[in-house]
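Note: the block below is my_file.pdb and it holds PDB, C-alpha atoms.
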ATOM      1  CA  GLY A 259      76.516  80.140 176.234
ATOM      2  CA  GLU A 260      77.782  76.589 175.827
ATOM      3  CA  GLU A 261      75.170  75.560 173.295
ATOM      4  CA  GLU A 262      75.826  78.654 171.191
ATOM      5  CA  SER A 263      79.540  77.848 171.182
ATOM      6  CA  GLN A 264      78.810  74.362 169.871
ATOM      7  CA  MET A 265      76.621  75.865 167.140
ATOM      8  CA  ILE A 266      79.280  78.338 166.027
ATOM      9  CA  THR A 267      82.070  75.765 165.903
ATOM     10  CA  GLN A 268      80.184  73.239 163.809
ATOM     11  CA  GLY A 269      78.173  75.792 161.813
ATOM     12  CA  VAL A 270      74.747  74.501 162.804
ATOM     13  CA  TRP A 271      71.799  75.886 164.714
ATOM     14  CA  LYS A 272      69.785  74.556 167.600
ATOM     15  CA  ARG A 273      67.080  72.899 165.528
ATOM     16  CA  ASP A 274      69.561  71.099 163.299
ATOM     17  CA  ASP A 275      70.311  67.495 164.015
ATOM     18  CA  GLN A 276      73.744  66.115 164.848
ATOM     19  CA  LEU A 277      74.431  64.923 161.307
ATOM     20  CA  LYS A 278      74.621  68.484 159.975
ATOM     21  CA  GLN A 279      77.893  69.061 161.793
ATOM     22  CA  ILE A 280      79.611  66.327 159.756
ATOM     23  CA  PRO A 281      81.592  67.815 156.853
ATOM     24  CA  TRP A 282      80.041  67.277 153.405
ATOM     25  CA  PHE A 283      76.761  65.954 154.817
ATOM     26  CA  THR A 284      74.191  67.606 152.579
ATOM     27  CA  ASP A 285      70.439  67.500 153.232
ATOM     28  CA  ASP A 286      70.182  64.702 150.684
ATOM     29  CA  ILE A 287      72.840  62.590 152.404
ATOM     30  CA  ILE A 288      71.269  63.261 155.814
ATOM     31  CA  LYS A 289      67.902  62.092 154.466
ATOM     32  CA  LYS A 290      69.468  58.848 153.195
ATOM     33  CA  ALA A 291      71.379  58.365 156.437
ATOM     34  CA  ARG A 292      68.285  58.832 158.587
ATOM     35  CA  ALA A 293      66.449  56.273 156.470
ATOM     36  CA  LYS A 294      69.155  53.789 157.517
ATOM     37  CA  GLY A 295      68.676  54.650 161.190
ATOM     38  CA  VAL A 296      71.698  56.924 161.433
ATOM     39  CA  THR A 297      71.248  59.754 163.945
ATOM     40  CA  SER A 298      74.801  60.562 165.091
ATOM     41  CA  PRO A 299      78.410  60.479 163.872
ATOM     42  CA  PHE A 300      78.896  57.332 165.980
ATOM     43  CA  ASP A 301      76.331  55.547 163.814
ATOM     44  CA  ILE A 302      78.294  56.306 160.628
ATOM     45  CA  LEU A 303      81.284  54.398 161.987
ATOM     46  CA  GLU A 304      79.117  51.424 162.963
ATOM     47  CA  LEU A 305      77.591  50.973 159.496
ATOM     48  CA  GLU A 306      78.545  48.115 157.221
ATOM     49  CA  ASP A 307      80.888  49.334 154.488
ATOM     50  CA  ASP A 308      78.380  48.720 151.696
ATOM     51  CA  VAL A 309      75.609  50.628 153.526
ATOM     52  CA  ARG A 310      77.938  53.534 154.266
ATOM     53  CA  GLY A 311      79.038  53.518 150.637
ATOM     54  CA  GLU A 312      75.421  53.635 149.507
ATOM     55  CA  ILE A 313      74.736  56.701 151.649
ATOM     56  CA  LEU A 314      77.917  58.463 150.529
ATOM     57  CA  ASN A 315      77.965  57.268 146.926
ATOM     58  CA  LYS A 316      78.439  60.795 145.541
ATOM     59  CA  TYR A 317      81.972  60.817 147.015
ATOM     60  CA  GLY A 318      84.740  58.470 145.912
ATOM     61  CA  ASP A 319      86.449  56.203 148.438
ATOM     62  CA  GLU A 320      89.733  58.083 148.108
ATOM     63  CA  SER A 321      88.194  61.554 147.836
ATOM     64  CA  ARG A 322      88.996  64.486 150.097
ATOM     65  CA  GLU A 323      85.347  64.559 151.131
ATOM     66  CA  MET A 324      85.441  60.951 152.363
ATOM     67  CA  SER A 325      88.717  61.620 154.147
ATOM     68  CA  GLU A 326      87.272  64.625 155.992
ATOM     69  CA  ILE A 327      84.077  62.742 156.868
ATOM     70  CA  ALA A 328      86.162  59.905 158.332
ATOM     71  CA  ALA A 329      88.387  62.344 160.230
ATOM     72  CA  PHE A 330      85.367  64.024 161.793
ATOM     73  CA  CYS A 331      83.610  60.813 162.803
ATOM     74  CA  ASN A 332      86.805  59.338 164.238
ATOM     75  CA  SER A 333      87.474  62.481 166.263
ATOM     76  CA  PHE A 334      83.908  62.662 167.606
ATOM     77  CA  PRO A 335      84.546  62.164 171.325
ATOM     78  CA  THR A 336      83.300  59.353 173.524
ATOM     79  CA  VAL A 337      83.995  60.104 177.171
ATOM     80  CA  GLU A 338      83.645  57.792 180.155
ATOM     81  CA  VAL A 339      82.841  59.646 183.362
ATOM     82  CA  GLY A 340      83.415  58.603 186.974
ATOM     83  CA  VAL A 341      81.744  60.641 189.726
ATOM     84  CA  GLU A 342      82.401  60.355 193.466
ATOM     85  CA  VAL A 343      81.178  62.472 196.369
ATOM     86  CA  VAL A 344      84.218  62.723 198.651
ATOM     87  CA  ASP A 345      83.492  61.825 202.301
ATOM     88  CA  GLU A 346      79.815  61.589 201.446
ATOM     89  CA  ASP A 347      78.919  60.512 205.006
ATOM     90  CA  ASP A 348      80.486  63.629 206.450
ATOM     91  CA  ILE A 349      78.746  66.549 204.694
ATOM     92  CA  THR A 350      77.387  69.145 207.092
ATOM     93  CA  ALA A 351      75.135  72.135 206.472
ATOM     94  CA  GLY A 352      76.894  75.187 205.082
ATOM     95  CA  ASP A 353      80.306  73.523 205.043
ATOM     96  CA  PRO A 354      82.555  72.765 202.045
ATOM     97  CA  PHE A 355      82.069  69.528 200.146
ATOM     98  CA  ARG A 356      83.824  68.043 197.139
ATOM     99  CA  VAL A 357      82.774  66.038 194.105
ATOM    100  CA  SER A 358      85.636  64.229 192.386
ATOM    101  CA  VAL A 359      85.286  63.633 188.651
ATOM    102  CA  LYS A 360      87.420  61.475 186.364
ATOM    103  CA  LEU A 361      87.131  61.808 182.576
ATOM    104  CA  ALA A 362      88.550  59.282 180.121
ATOM    105  CA  ARG A 363      88.317  59.635 176.372
ATOM    106  CA  GLU A 364      87.991  56.479 174.328
ATOM    107  CA  VAL A 365      90.948  56.500 171.953
ATOM    108  CA  ASP A 366      91.009  54.327 168.836
ATOM    109  CA  GLU A 367      93.656  51.673 169.461
ATOM    110  CA  ASP A 368      94.180  51.386 165.711
ATOM    111  CA  GLU A 369      95.579  54.901 165.462
ATOM    112  CA  ASP A 370      99.177  55.126 164.330
ATOM    113  CA  ASP A 371     101.611  55.173 167.235
ATOM    114  CA  ASP A 372     103.442  58.137 165.777
ATOM    115  CA  GLU A 373     100.361  60.358 165.783
ATOM    116  CA  GLU A 374     101.096  63.576 167.586
ATOM    117  CA  PRO A 375      99.460  63.458 171.039
ATOM    118  CA  GLU A 376      98.390  67.090 170.862
ATOM    119  CA  GLU A 377      96.115  66.197 167.956
ATOM    120  CA  VAL A 378      93.797  64.471 170.430
ATOM    121  CA  GLY A 379      91.096  66.962 171.312
ATOM    122  CA  LYS A 380      91.678  69.098 168.237
ATOM    123  CA  VAL A 381      88.323  70.012 166.755
ATOM    124  CA  VAL A 382      87.544  68.825 163.240
ATOM    125  CA  SER A 383      85.169  71.402 161.795
ATOM    126  CA  LYS A 384      84.800  72.710 158.284
ATOM    127  CA  ALA A 385      82.947  75.725 159.691
ATOM    128  CA  PHE A 386      85.761  76.829 162.003
ATOM    129  CA  PRO A 387      88.728  78.054 159.963
ATOM    130  CA  LYS A 388      91.324  78.275 162.750
ATOM    131  CA  ASP A 389      92.788  75.497 164.853
ATOM    132  CA  LYS A 390      90.598  74.930 167.883
ATOM    133  CA  VAL A 391      90.986  72.578 170.817
ATOM    134  CA  GLU A 392      87.728  71.439 172.349
ATOM    135  CA  SER A 393      86.872  72.540 175.872
ATOM    136  CA  TRP A 394      84.753  70.617 178.323
ATOM    137  CA  TRP A 395      82.638  72.146 181.063
ATOM    138  CA  LEU A 396      81.556  70.444 184.270
ATOM    139  CA  VAL A 397      78.525  72.037 185.900
ATOM    140  CA  LEU A 398      77.136  70.948 189.272
ATOM    141  CA  GLY A 399      73.697  72.236 190.106
ATOM    142  CA  ASP A 400      70.293  71.565 191.597
ATOM    143  CA  PRO A 401      67.662  71.584 188.827
ATOM    144  CA  SER A 402      64.793  71.726 191.346
ATOM    145  CA  THR A 403      65.910  75.141 192.597
ATOM    146  CA  ASN A 404      68.060  76.265 189.646
ATOM    147  CA  LYS A 405      70.961  76.672 192.082
ATOM    148  CA  LEU A 406      74.410  76.501 190.537
ATOM    149  CA  TYR A 407      77.038  75.036 192.857
ATOM    150  CA  THR A 408      80.176  75.084 190.746
ATOM    151  CA  VAL A 409      81.434  75.294 187.161
ATOM    152  CA  LYS A 410      84.812  74.105 185.925
ATOM    153  CA  ARG A 411      86.374  74.122 182.461
ATOM    154  CA  THR A 412      89.000  71.666 181.235
ATOM    155  CA  THR A 413      90.625  70.305 178.110
ATOM    156  CA  LEU A 414      90.758  66.564 177.625
ATOM    157  CA  ALA A 415      93.546  64.722 175.844
ATOM    158  CA  GLU A 416      92.960  61.189 177.124
ATOM    159  CA  THR A 417      92.215  61.522 180.834
ATOM    160  CA  ALA A 418      91.509  64.288 183.327
ATOM    161  CA  SER A 419      90.796  64.354 187.056
ATOM    162  CA  LEU A 420      89.028  67.328 188.572
ATOM    163  CA  ASN A 421      87.683  68.322 191.954
ATOM    164  CA  LEU A 422      84.496  70.359 192.122
ATOM    165  CA  ASP A 423      84.450  72.252 195.418
ATOM    166  CA  SER A 424      81.390  73.978 196.760
ATOM    167  CA  TYR A 425      79.406  74.646 199.933
ATOM    168  CA  ALA A 426      76.621  72.388 201.116
ATOM    169  CA  PRO A 427      73.111  73.822 201.487
ATOM    170  CA  GLU A 428      72.343  75.562 204.783
ATOM    171  CA  ASP A 429      69.369  73.289 205.438
ATOM    172  CA  PRO A 430      70.051  69.661 206.403
ATOM    173  CA  GLY A 431      68.411  66.969 204.274
ATOM    174  CA  GLU A 432      68.695  64.915 201.123
ATOM    175  CA  TYR A 433      69.560  66.709 197.884
ATOM    176  CA  GLU A 434      69.499  65.358 194.345
ATOM    177  CA  LEU A 435      72.002  67.372 192.362
ATOM    178  CA  LYS A 436      72.956  66.992 188.709
ATOM    179  CA  LEU A 437      76.395  66.993 187.190
ATOM    180  CA  TYR A 438      76.472  68.075 183.553
ATOM    181  CA  LEU A 439      79.400  67.421 181.219
ATOM    182  CA  MET A 440      79.242  69.682 178.174
ATOM    183  CA  CYS A 441      81.526  70.148 175.196
ATOM    184  CA  ASP A 442      81.871  73.536 173.486
ATOM    185  CA  SER A 443      82.626  72.037 170.082
ATOM    186  CA  TYR A 444      80.349  69.094 169.305
ATOM    187  CA  LEU A 445      76.619  68.537 169.492
ATOM    188  CA  GLY A 446      75.374  65.247 170.899
ATOM    189  CA  VAL A 447      78.177  64.458 173.354
ATOM    190  CA  ASP A 448      76.808  66.164 176.467
ATOM    191  CA  GLN A 449      76.066  63.934 179.453
ATOM    192  CA  GLU A 450      74.354  64.309 182.817
ATOM    193  CA  PHE A 451      74.652  62.376 186.065
ATOM    194  CA  ASP A 452      72.744  62.198 189.350
ATOM    195  CA  VAL A 453      74.744  63.318 192.380
ATOM    196  CA  LYS A 454      72.943  62.678 195.674
ATOM    197  CA  ILE A 455      74.207  64.319 198.828
ATOM    198  CA  SER A 456      72.986  63.889 202.389
ATOM    199  CA  VAL A 457      73.511  67.037 204.450
ATOM    200  CA  ALA A 458      73.720  66.654 208.210
ATOM    201  CA  VAL A 459      73.294  69.282 210.923
ATOM    202  CA  GLY A 460      76.598  70.963 211.740
ATOM    203  CA  GLU A 461      78.028  69.793 215.060
ATOM    204  CA  ASP A 462      79.041  73.233 216.257
ATOM    205  CA  GLY A 463      76.479  75.457 214.569
ATOM    206  CA  SER A 464      76.879  79.054 215.742
ATOM    207  CA  GLU A 465      73.117  79.621 215.510
ATOM    208  CA  ASP A 466      72.517  77.097 218.323
ATOM    209  CA  ASP A 467      75.082  78.862 220.492
ATOM    210  CA  ASP A 468      73.357  82.196 219.900
ATOM    211  CA  ASP A 469      69.992  80.721 220.873
ATOM    212  CA  MET A 470      71.439  79.361 224.108
ATOM    213  CA  ASP A 471      72.994  82.723 224.920
ATOM    214  CA  GLU A 472      69.650  84.451 224.454
ATOM    215  CA  GLU A 473      67.868  81.986 226.748
ATOM    216  CA  LYS A 474      70.267  82.586 229.633
TER     217      LYS A 474
END

Turn this file's structure into structure tokens for me.
Amino acid sequence: GEEESQMITQGVWKRDDQLKQIPWFTDDIIKKARAKGVTSPFDILELEDDVRGEILNKYGDESREMSEIAAFCNSFPTVEVGVEVVDEDDITAGDPFRVSVKLAREVDEDEDDDEEPEEVGKVVSKAFPKDKVESWWLVLGDPSTNKLYTVKRTTLAETASLNLDSYAPEDPGEYELKLYLMCDSYLGVDQEFDVKISVAVGEDGSEDDDDMDEEK
């Protein structure tokens, strides 16, 4: 499953917190980091230099360890997500409908211009010996009924646009679906969004025609 893939890539297990996936973060460092309110790789980047230095004082500023910690935290993805139900006023029971999704990764503007573009999305993980490019999964479902509408996998350099196509429920009414964005390589970056659809009665439902035929 997706969660297991994240665990394997970063070498952590479900009960471990997000900080354990950062290279060179020992239990002692994690304890010090948590005492400073740090709970994710994002927080490490936001710290004042002296506070970060205090937490990581066992590694020198120019050490390989510090370099790998910085590389991991800088590569930890932040993704903006736009969700739109296409023709949302025209969804009829049992017919196809589409959810359009736009993904945009926040890229550090300070990065060198000559950085190879294919490096974006490359997973930084001490636990995964081979080169690995992160994958993202979009899952549209109805948590109230456990119905899965559609699943789509993508890679993400800087932006991606995807269409999730599925069939509307057979029963007209209001439905509160969920869209989940999940990454196979990092813990703590998954997101979820509400997707509400209003399903109308089909204009030319064959069931109505059958009923009329029987009444004749």

The distance between CA of Lys454 in chain A and CA of Leu414 in chain A is 25.7 Å

Pick out the residues sitting within 12 Å of Leu437 in chain A, and hand them over as a list in words; count only C-alpha atoms, and ignore anything fewer than 5 positions along from it in its own chain.
Val339, Gly340, Val341, Glu342, Val343, Val357, Ser358, Val359, Trp395, Leu396, Val397, Leu398, Gly399, Asp400, Pro401, Leu406, Tyr407, Thr408, Val409, Lys410, Leu422, Asp448, Gln449, Glu450, Phe451, Asp452, Val453 and Lys454 of chain A

Among A:Gly460, A:Ser419, A:Glu428, A:Ile455, Glu346 in chain A is approached most closely, using all atoms listed in the file, by A:Ile455

Exercise. Tell me which residues the PyMOL selection byres ((chain A and resi 277-293) around 6) grabs here, as an MDAnalysis selection string.
Key: chainID A and resid 268 275:276 294:296 298 313 327

Selection in question (the file shown): the PyMOL selection byres ((chain A and resi 324) around 12). Which residues does it include, as a list in words? Ile280, Pro281, Trp282, Phe283, Ile302, Arg310, Gly311, Ile313, Leu314, Asn315, Lys316, Tyr317, Gly318, Asp319, Glu320, Ser321, Arg322, Glu323, Ser325, Glu326, Ile327, Ala328, Ala329, Phe330 and Cys331 of chain A

Saved selection, atoms kept: C-alpha atoms, as a tab-separated table (two decimals), in the frame of the given file:
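This went into result25.tsv:
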chain	number	residue	atom	x	y	z
A	280	ILE	CA	79.61	66.33	159.76
A	281	PRO	CA	81.59	67.82	156.85
A	282	TRP	CA	80.04	67.28	153.40
A	283	PHE	CA	76.76	65.95	154.82
A	302	ILE	CA	78.29	56.31	160.63
A	310	ARG	CA	77.94	53.53	154.27
A	311	GLY	CA	79.04	53.52	150.64
A	313	ILE	CA	74.74	56.70	151.65
A	314	LEU	CA	77.92	58.46	150.53
A	315	ASN	CA	77.96	57.27	146.93
A	316	LYS	CA	78.44	60.80	145.54
A	317	TYR	CA	81.97	60.82	147.01
A	318	GLY	CA	84.74	58.47	145.91
A	319	ASP	CA	86.45	56.20	148.44
A	320	GLU	CA	89.73	58.08	148.11
A	321	SER	CA	88.19	61.55	147.84
A	322	ARG	CA	89.00	64.49	150.10
A	323	GLU	CA	85.35	64.56	151.13
A	325	SER	CA	88.72	61.62	154.15
A	326	GLU	CA	87.27	64.62	155.99
A	327	ILE	CA	84.08	62.74	156.87
A	328	ALA	CA	86.16	59.90	158.33
A	329	ALA	CA	88.39	62.34	160.23
A	330	PHE	CA	85.37	64.02	161.79
A	331	CYS	CA	83.61	60.81	162.80

Notebook entry, point to check: Which residue out of A:Pro335, A:Glu364, A:Asp348, A:Tyr433 has the minimum interatomic distance to Trp394 in chain A when all atoms listed in the file are used?
Noted result: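 When distances to Trp394 in chain A are compared using all atoms listed in the file, the smallest one comes from A:Pro335.
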
For the PyMOL selection byres ((chain A and resi 353) around 9), applied here, can you spell out every residue it catches as an mmCIF file with C-alpha atoms, keeping the file's coordinate frame?
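Result file follows (selection20.cif):
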data_model
loop_
_atom_site.group_PDB
_atom_site.id
_atom_site.type_symbol
_atom_site.label_atom_id
_atom_site.label_comp_id
_atom_site.auth_asym_id
_atom_site.auth_seq_id
_atom_site.Cartn_x
_atom_site.Cartn_y
_atom_site.Cartn_z
ATOM 1 C CA ILE A 349 78.746 66.549 204.694
ATOM 2 C CA THR A 350 77.387 69.145 207.092
ATOM 3 C CA ALA A 351 75.135 72.135 206.472
ATOM 4 C CA GLY A 352 76.894 75.187 205.082
ATOM 5 C CA PRO A 354 82.555 72.765 202.045
ATOM 6 C CA PHE A 355 82.069 69.528 200.146
ATOM 7 C CA SER A 424 81.390 73.978 196.760
ATOM 8 C CA TYR A 425 79.406 74.646 199.933
ATOM 9 C CA ALA A 426 76.621 72.388 201.116
ATOM 10 C CA PRO A 427 73.111 73.822 201.487
ATOM 11 C CA GLU A 428 72.343 75.562 204.783
ATOM 12 C CA GLY A 460 76.598 70.963 211.740
#

Computed gap from CA of Val447 in chain A to CA of Leu420 in chain A is 18.9 Å

Expressed in Å, the length from CA of Lys405 in chain A to CA of Ser456 in chain A is 16.5 Å

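Candidate residues A:Glu312, A:Asp307, A:Glu416, A:Asp442 were compared for distance to Glu338 in chain A, and the nearest is A:Glu416, using all atoms listed in the file.
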
Across A:Leu439, A:Asn421, A:Pro299, A:Glu432, the smallest distance to Asp347 in chain A, with all atoms listed in the file counted, is shown by A:Glu432

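For the set A:Leu305, A:Arg411, A:Ala418, A:Thr336, the residue with the smallest atom-to-atom gap to Leu361 in chain A is A:Ala418, counting all atoms listed in the file.
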
Will you model all heavy atoms for range 297-308 of chain A and pass it back as a CSV table (one decimal), keeping the file's coordinate frame?
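So rebuild.csv came out as:
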chain,number,residue,atom,x,y,z
A,297,THR,N,71.6,58.5,163.3
A,297,THR,CA,71.2,59.8,163.9
A,297,THR,C,72.5,60.5,164.5
A,297,THR,O,72.3,61.7,164.9
A,297,THR,CB,70.3,59.5,165.1
A,297,THR,OG1,70.9,58.6,166.1
A,297,THR,CG2,69.0,58.9,164.6
A,298,SER,N,73.6,59.9,164.5
A,298,SER,CA,74.8,60.6,165.1
A,298,SER,C,76.0,60.1,164.3
A,298,SER,O,76.1,59.1,163.6
A,298,SER,CB,75.0,60.2,166.6
A,298,SER,OG,75.6,58.9,166.7
A,299,PRO,N,77.1,60.9,164.5
A,299,PRO,CA,78.4,60.5,163.9
A,299,PRO,C,78.9,59.1,164.3
A,299,PRO,O,79.5,58.4,163.5
A,299,PRO,CB,79.4,61.6,164.3
A,299,PRO,CG,78.5,62.8,164.6
A,299,PRO,CD,77.3,62.2,165.1
A,300,PHE,N,78.5,58.7,165.5
A,300,PHE,CA,78.9,57.3,166.0
A,300,PHE,C,78.3,56.3,165.1
A,300,PHE,O,78.9,55.3,164.7
A,300,PHE,CB,78.4,57.1,167.4
A,300,PHE,CG,79.0,57.9,168.5
A,300,PHE,CD1,78.3,58.7,169.3
A,300,PHE,CD2,80.4,58.0,168.6
A,300,PHE,CE1,78.9,59.5,170.3
A,300,PHE,CE2,81.0,58.7,169.6
A,300,PHE,CZ,80.2,59.5,170.4
A,301,ASP,N,77.0,56.5,164.6
A,301,ASP,CA,76.3,55.5,163.8
A,301,ASP,C,77.0,55.3,162.5
A,301,ASP,O,77.0,54.2,161.9
A,301,ASP,CB,74.9,56.0,163.6
A,301,ASP,CG,74.1,56.0,164.9
A,301,ASP,OD1,74.5,55.4,165.8
A,301,ASP,OD2,73.1,56.8,164.9
A,302,ILE,N,77.6,56.4,161.9
A,302,ILE,CA,78.3,56.3,160.6
A,302,ILE,C,79.4,55.3,160.7
A,302,ILE,O,79.6,54.5,159.8
A,302,ILE,CB,78.9,57.7,160.2
A,302,ILE,CG1,77.7,58.7,159.9
A,302,ILE,CG2,79.8,57.6,159.0
A,302,ILE,CD1,76.9,58.3,158.7
A,303,LEU,N,80.2,55.3,161.8
A,303,LEU,CA,81.3,54.4,162.0
A,303,LEU,C,80.8,53.0,162.2
A,303,LEU,O,81.6,52.0,161.8
A,303,LEU,CB,82.1,54.8,163.2
A,303,LEU,CG,82.8,56.2,163.2
A,303,LEU,CD1,83.5,56.5,164.5
A,303,LEU,CD2,83.8,56.3,162.0
A,304,GLU,N,79.6,52.8,162.7
A,304,GLU,CA,79.1,51.4,163.0
A,304,GLU,C,78.5,50.8,161.7
A,304,GLU,O,78.2,49.5,161.7
A,304,GLU,CB,78.1,51.5,164.1
A,304,GLU,CG,78.6,52.0,165.4
A,304,GLU,CD,79.7,51.1,166.0
A,304,GLU,OE1,79.5,49.9,165.9
A,304,GLU,OE2,80.6,51.6,166.5
A,305,LEU,N,78.3,51.5,160.7
A,305,LEU,CA,77.6,51.0,159.5
A,305,LEU,C,78.5,49.9,158.8
A,305,LEU,O,79.7,50.0,158.8
A,305,LEU,CB,77.3,52.1,158.5
A,305,LEU,CG,76.1,53.1,158.9
A,305,LEU,CD1,76.1,54.2,157.8
A,305,LEU,CD2,74.8,52.3,158.9
A,306,GLU,N,77.8,49.0,158.1
A,306,GLU,CA,78.5,48.1,157.2
A,306,GLU,C,79.1,49.0,156.1
A,306,GLU,O,78.5,49.9,155.7
A,306,GLU,CB,77.6,47.0,156.7
A,306,GLU,CG,77.1,46.1,157.7
A,306,GLU,CD,78.2,45.2,158.3
A,306,GLU,OE1,79.2,45.0,157.7
A,306,GLU,OE2,78.0,44.8,159.5
A,307,ASP,N,80.2,48.5,155.5
A,307,ASP,CA,80.9,49.3,154.5
A,307,ASP,C,80.0,49.6,153.3
A,307,ASP,O,80.0,50.7,152.7
A,307,ASP,CB,82.2,48.6,154.0
A,307,ASP,CG,83.3,48.7,155.1
A,307,ASP,OD1,83.1,49.5,156.0
A,307,ASP,OD2,84.3,48.0,154.9
A,308,ASP,N,79.2,48.5,152.9
A,308,ASP,CA,78.4,48.7,151.7
A,308,ASP,C,77.2,49.7,152.0
A,308,ASP,O,76.9,50.5,151.1
A,308,ASP,CB,77.8,47.4,151.2
A,308,ASP,CG,77.0,46.6,152.3
A,308,ASP,OD1,77.3,46.9,153.5
A,308,ASP,OD2,76.2,45.8,151.9
